[in-house]
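Report on one structure; see the data block that follows.
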Amino acid sequence: MLNIIFEDNHLIVINKNPGELAQGDITGDETIGDQIKKYLKKKYDKPGNVYLGIPHRLDRPTSGIIIFTKTSKALSRLNELFKKNEIIKTYWAVVKKIDTSKPQILENFLIKNQKQNKSYVRKTPSSQTKKAILNFKVLLNLKRYSLLSINLKTGRHHQIRAQLSHIGYPIKGDLKYGYPRSNSDGSIHLHSRKVNFIHPVSKSNIEIIAKPPNNNIWNLCLNIKEK
């Protein structure tokens with residue numbers, strides 16, 4: 001079932017479950033986009049093909065906010081907002097316990113290995129690398145883990161996963177980036193928590209917050225007050 005957390009004439013925003021596919025891949029599995037098209041076709045009794053724009057994506061094991069557009073006008077304008085970094089994205093990540101409470105800035109150069117579907121940090125730039133910047137702070141310390149709030153300044157392939165792994169804090173459950181154990185459901189503890197932006201058509205201020213998946217660690221994280 002689609003978890004729709006915002007919808008108007010131009011946008012539809014989903015709280016994605018871990019394991020759901022945002023866009024098609026070699027598996028051929030049904031995507032969230034496929035489900036939305038079926039939903040829109042039924043809701044509006046559309047006889048032909050349903051238009052759906054996909055301005056961004058989330059990795060399959062990641063949960064949280066993903067924005068789709070119902071009109072081409074909204075898609076082109078939203079693409080510009082993403083390009084200009086005018087959509088403020090906040091992620092939550094659970095990592096092994098961090099011994100500092102100071103906000104951190106990570107600035108690296110990433111190179112993508114297409115065959116491995118993985119990104120690596122490089123110390124120096126090249127024609128194949130892309131600059132990646134994020135900042136994070138510790139929101140909560142549990143017995144064995146820390147909850148991080150992360151703001152992306154750039155949107156690179158597997159950016160959060162690669163950059164946190166590079167400093168020795170891979171995300172819980174993320175075997176690909178060095179966490180020693182998988183989560184039982186194949187998820188990783190990375191969640192697209194909040195977005196803030198100016199609506200591409202109405203120009204109103206939009207803030208959307210998505211609740212993380214229902215499991216013990218995420219539920220403990222919901223006890224904190226975000227600033």
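Chains: A, B, ... in order of the structure tokens. Residues: from 1 per chain. Ligands: from 1, in order shown.
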Which residues come within 9 Å of A:Lys123, counting only C-alpha atoms, excluding same-chain residues fewer than 2 positions away, as number ranges by chain? A: 108-110, 121, 125
Go ahead and save the residues from that selection, with C-alpha atoms, as a PDB file, in the first residue's frame.
```pdb
ATOM      1  CA  ASN A 108      35.009  14.665  -0.299  1.00  0.00           C
ATOM      2  CA  PHE A 109      35.384  13.679  -3.916  1.00  0.00           C
ATOM      3  CA  LEU A 110      33.324  10.660  -4.952  1.00  0.00           C
ATOM      4  CA  VAL A 121      35.917   8.523  -1.687  1.00  0.00           C
ATOM      5  CA  PRO A 125      39.563  15.539  -7.758  1.00  0.00           C
TER       6      PRO A 125
END
```
Can you list, as a ChimeraX atom specification, every residue of stretch 95-173 of chain A that DSSP puts in strand (DSSP E or B)? /A:95-96,104-113,118-122,130-141,145-152,171
Please, could you write that set of residues out with N, CA and C atoms as a compact mmCIF listing (two decimals), in the first residue's frame?
```txt
# COMPACT_ATOMS: atom_id res chain seq x y z
N VAL A 95 24.16 5.06 13.30
CA VAL A 95 25.51 4.51 13.15
C VAL A 95 25.99 4.05 14.53
N LYS A 96 27.16 3.40 14.56
CA LYS A 96 27.71 3.04 15.87
C LYS A 96 27.97 4.33 16.65
N GLN A 104 29.51 18.29 12.36
CA GLN A 104 30.62 17.95 11.48
C GLN A 104 30.27 18.28 10.03
N ILE A 105 31.27 18.68 9.26
CA ILE A 105 31.12 18.88 7.82
C ILE A 105 32.02 17.88 7.11
N LEU A 106 31.46 17.14 6.18
CA LEU A 106 32.24 16.21 5.37
C LEU A 106 32.29 16.73 3.94
N GLU A 107 33.49 16.85 3.42
CA GLU A 107 33.69 17.33 2.05
C GLU A 107 34.68 16.39 1.38
N ASN A 108 34.19 15.67 0.38
CA ASN A 108 35.01 14.67 -0.30
C ASN A 108 34.80 14.72 -1.81
N PHE A 109 35.59 13.91 -2.50
CA PHE A 109 35.38 13.68 -3.92
C PHE A 109 34.97 12.23 -4.08
N LEU A 110 33.85 12.01 -4.77
CA LEU A 110 33.32 10.66 -4.95
C LEU A 110 33.47 10.20 -6.39
N ILE A 111 33.80 8.93 -6.54
CA ILE A 111 33.83 8.31 -7.86
C ILE A 111 32.91 7.09 -7.84
N LYS A 112 32.10 6.94 -8.85
CA LYS A 112 31.13 5.84 -8.89
C LYS A 112 31.68 4.68 -9.70
N ASN A 113 31.60 3.48 -9.12
CA ASN A 113 31.91 2.26 -9.83
C ASN A 113 30.60 1.67 -10.33
N LYS A 118 28.48 1.27 -6.59
CA LYS A 118 29.05 1.74 -5.33
C LYS A 118 29.91 2.96 -5.59
N SER A 119 29.94 3.88 -4.62
CA SER A 119 30.78 5.07 -4.74
C SER A 119 31.93 5.00 -3.74
N TYR A 120 33.07 5.54 -4.18
CA TYR A 120 34.27 5.54 -3.35
C TYR A 120 34.77 6.97 -3.16
N VAL A 121 35.33 7.22 -1.98
CA VAL A 121 35.92 8.52 -1.69
C VAL A 121 37.34 8.58 -2.25
N ARG A 122 37.65 9.69 -2.92
CA ARG A 122 39.00 9.95 -3.40
C ARG A 122 39.51 11.25 -2.78
N LYS A 130 33.15 13.58 -8.41
CA LYS A 130 32.21 14.67 -8.16
C LYS A 130 32.35 15.10 -6.71
N LYS A 131 32.32 16.40 -6.47
CA LYS A 131 32.44 16.91 -5.11
C LYS A 131 31.18 16.58 -4.33
N ALA A 132 31.38 16.15 -3.08
CA ALA A 132 30.25 15.77 -2.22
C ALA A 132 30.40 16.46 -0.87
N ILE A 133 29.35 17.19 -0.46
CA ILE A 133 29.39 17.92 0.80
C ILE A 133 28.12 17.62 1.59
N LEU A 134 28.30 17.33 2.87
CA LEU A 134 27.17 17.21 3.78
C LEU A 134 27.61 17.68 5.16
N ASN A 135 26.64 18.02 5.99
CA ASN A 135 26.96 18.24 7.40
C ASN A 135 26.03 17.39 8.26
N PHE A 136 26.52 17.05 9.45
CA PHE A 136 25.69 16.23 10.34
C PHE A 136 25.94 16.61 11.79
N LYS A 137 24.95 16.26 12.61
CA LYS A 137 25.09 16.43 14.05
C LYS A 137 24.43 15.23 14.74
N VAL A 138 24.87 14.96 15.94
CA VAL A 138 24.29 13.86 16.73
C VAL A 138 23.03 14.38 17.42
N LEU A 139 21.91 13.72 17.15
CA LEU A 139 20.65 14.08 17.80
C LEU A 139 20.42 13.30 19.09
N LEU A 140 20.90 12.07 19.11
CA LEU A 140 20.60 11.19 20.24
C LEU A 140 21.66 10.10 20.34
N ASN A 141 22.09 9.81 21.55
CA ASN A 141 22.97 8.67 21.79
C ASN A 141 22.20 7.58 22.53
N TYR A 145 24.38 2.98 19.77
CA TYR A 145 24.26 3.69 18.51
C TYR A 145 24.09 5.20 18.72
N SER A 146 24.34 5.93 17.65
CA SER A 146 24.03 7.36 17.61
C SER A 146 23.06 7.63 16.47
N LEU A 147 22.11 8.52 16.72
CA LEU A 147 21.21 9.00 15.67
C LEU A 147 21.77 10.31 15.13
N LEU A 148 22.02 10.35 13.83
CA LEU A 148 22.54 11.55 13.18
C LEU A 148 21.45 12.25 12.39
N SER A 149 21.48 13.57 12.40
CA SER A 149 20.69 14.39 11.49
C SER A 149 21.64 14.93 10.43
N ILE A 150 21.31 14.68 9.17
CA ILE A 150 22.23 14.97 8.07
C ILE A 150 21.55 15.91 7.07
N ASN A 151 22.27 16.95 6.68
CA ASN A 151 21.81 17.85 5.63
C ASN A 151 22.73 17.74 4.43
N LEU A 152 22.16 17.40 3.30
CA LEU A 152 22.94 17.28 2.07
C LEU A 152 23.11 18.64 1.41
N ILE A 171 26.52 3.06 8.08
CA ILE A 171 25.14 3.05 8.57
C ILE A 171 24.75 1.63 8.98
```
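Residues lying within 7 Å of stretch 43-58 of chain A, counting only C-alpha atoms and ignoring same-chain neighbours fewer than 5 positions away, are Ala22, Lys37, Ile66, Phe68, Thr69, Lys70, Thr71, Ser72, Leu75, Leu78 and Asn79 of chain A.
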Those of stretch 23-81 of chain A in DSSP helix (DSSP H, G or I), formatted as a ChimeraX atom specification: /A:32-43,72-81
May I have the residues from that selection written out with N, CA and C atoms, as an mmCIF file, in the first residue's frame?
```cif
data_model
loop_
_atom_site.group_PDB
_atom_site.id
_atom_site.type_symbol
_atom_site.label_atom_id
_atom_site.label_comp_id
_atom_site.auth_asym_id
_atom_site.auth_seq_id
_atom_site.Cartn_x
_atom_site.Cartn_y
_atom_site.Cartn_z
ATOM 1 N N ILE A 32 7.518 2.032 -7.098
ATOM 2 C CA ILE A 32 6.537 2.934 -6.488
ATOM 3 C C ILE A 32 5.844 3.747 -7.575
ATOM 4 N N GLY A 33 6.610 4.151 -8.598
ATOM 5 C CA GLY A 33 6.006 4.888 -9.714
ATOM 6 C C GLY A 33 4.885 4.102 -10.376
ATOM 7 N N ASP A 34 5.094 2.800 -10.564
ATOM 8 C CA ASP A 34 4.045 1.941 -11.142
ATOM 9 C C ASP A 34 2.790 1.953 -10.260
ATOM 10 N N GLN A 35 3.006 1.882 -8.946
ATOM 11 C CA GLN A 35 1.875 1.878 -8.018
ATOM 12 C C GLN A 35 1.126 3.211 -8.041
ATOM 13 N N ILE A 36 1.884 4.310 -8.109
ATOM 14 C CA ILE A 36 1.251 5.632 -8.137
ATOM 15 C C ILE A 36 0.419 5.799 -9.398
ATOM 16 N N LYS A 37 0.932 5.357 -10.527
ATOM 17 C CA LYS A 37 0.181 5.470 -11.781
ATOM 18 C C LYS A 37 -1.145 4.709 -11.700
ATOM 19 N N LYS A 38 -1.111 3.525 -11.103
ATOM 20 C CA LYS A 38 -2.349 2.756 -10.925
ATOM 21 C C LYS A 38 -3.316 3.504 -10.010
ATOM 22 N N TYR A 39 -2.766 4.085 -8.945
ATOM 23 C CA TYR A 39 -3.581 4.855 -7.993
ATOM 24 C C TYR A 39 -4.231 6.060 -8.676
ATOM 25 N N LEU A 40 -3.436 6.815 -9.445
ATOM 26 C CA LEU A 40 -3.958 8.006 -10.113
ATOM 27 C C LEU A 40 -4.969 7.640 -11.200
ATOM 28 N N LYS A 41 -4.694 6.577 -11.903
ATOM 29 C CA LYS A 41 -5.604 6.132 -12.963
ATOM 30 C C LYS A 41 -6.975 5.798 -12.390
ATOM 31 N N LYS A 42 -6.975 5.121 -11.244
ATOM 32 C CA LYS A 42 -8.237 4.750 -10.599
ATOM 33 C C LYS A 42 -8.907 5.967 -9.972
ATOM 34 N N LYS A 43 -8.129 6.797 -9.257
ATOM 35 C CA LYS A 43 -8.705 7.930 -8.539
ATOM 36 C C LYS A 43 -9.361 8.920 -9.478
ATOM 37 N N SER A 72 3.941 18.049 -15.937
ATOM 38 C CA SER A 72 5.261 18.347 -16.500
ATOM 39 C C SER A 72 5.758 19.712 -16.029
ATOM 40 N N LYS A 73 4.844 20.644 -15.805
ATOM 41 C CA LYS A 73 5.228 21.969 -15.300
ATOM 42 C C LYS A 73 5.910 21.828 -13.935
ATOM 43 N N ALA A 74 5.314 21.046 -13.062
ATOM 44 C CA ALA A 74 5.895 20.848 -11.734
ATOM 45 C C ALA A 74 7.243 20.136 -11.830
ATOM 46 N N LEU A 75 7.365 19.180 -12.742
ATOM 47 C CA LEU A 75 8.623 18.445 -12.877
ATOM 48 C C LEU A 75 9.765 19.366 -13.290
ATOM 49 N N SER A 76 9.554 20.175 -14.323
ATOM 50 C CA SER A 76 10.628 21.049 -14.806
ATOM 51 C C SER A 76 11.038 22.054 -13.739
ATOM 52 N N ARG A 77 10.072 22.587 -12.998
ATOM 53 C CA ARG A 77 10.386 23.573 -11.962
ATOM 54 C C ARG A 77 11.042 22.914 -10.746
ATOM 55 N N LEU A 78 10.592 21.715 -10.412
ATOM 56 C CA LEU A 78 11.198 21.010 -9.292
ATOM 57 C C LEU A 78 12.635 20.598 -9.630
ATOM 58 N N ASN A 79 12.855 20.198 -10.869
ATOM 59 C CA ASN A 79 14.214 19.871 -11.304
ATOM 60 C C ASN A 79 15.154 21.062 -11.110
ATOM 61 N N GLU A 80 14.650 22.252 -11.392
ATOM 62 C CA GLU A 80 15.458 23.462 -11.200
ATOM 63 C C GLU A 80 15.756 23.692 -9.727
ATOM 64 N N LEU A 81 14.768 23.456 -8.868
ATOM 65 C CA LEU A 81 14.980 23.615 -7.424
ATOM 66 C C LEU A 81 16.051 22.648 -6.921
#
```
Skipping near chain neighbours, those fewer than 6 positions away, what residues fall within 9 Å of A:Ile4 using only C-alpha atoms, listed as a list in words? Ile12, Val13, Ile14, Asn15 and Lys16 of chain A
I need the residues from that last selection saved to file as a PDB file, in the first residue's frame (with C-alpha atoms), if you can.
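This is the output file part-v5.pdb:
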```pdb
ATOM      1  CA  ILE A  12       2.431  13.495  -4.709  1.00  0.00           C
ATOM      2  CA  VAL A  13       4.844  12.641  -1.893  1.00  0.00           C
ATOM      3  CA  ILE A  14       5.398   9.121  -0.593  1.00  0.00           C
ATOM      4  CA  ASN A  15       6.957   7.811   2.610  1.00  0.00           C
ATOM      5  CA  LYS A  16       8.884   4.944   1.035  1.00  0.00           C
TER       6      LYS A  16
END
```
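With only C-alpha atoms as the atoms that count, the minimum distance from A:Leu220 to the choices A:Thr124, A:Ile167, A:Lys97, A:Lys143 is reached by A:Lys143.
Counting only C-alpha atoms and comparing A:Asn3, A:Arg156, A:Asn215, A:Asp8, the residue that lies closest to A:Val201 is A:Asp8.
When only C-alpha atoms are used to measure the gap to A:Ile65, the shortest distance among A:Val94, A:Ile5, A:Ile188, A:Ile224 belongs to A:Ile5.
Relative to atom CA of A:Thr90, atom CA of A:Ile208 is found at 10.4 Å.
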Here is a test: counting only C-alpha atoms, which residue of A:Lys211, A:His191, A:His158, A:Lys102 is nearest to A:Thr62? A:His191
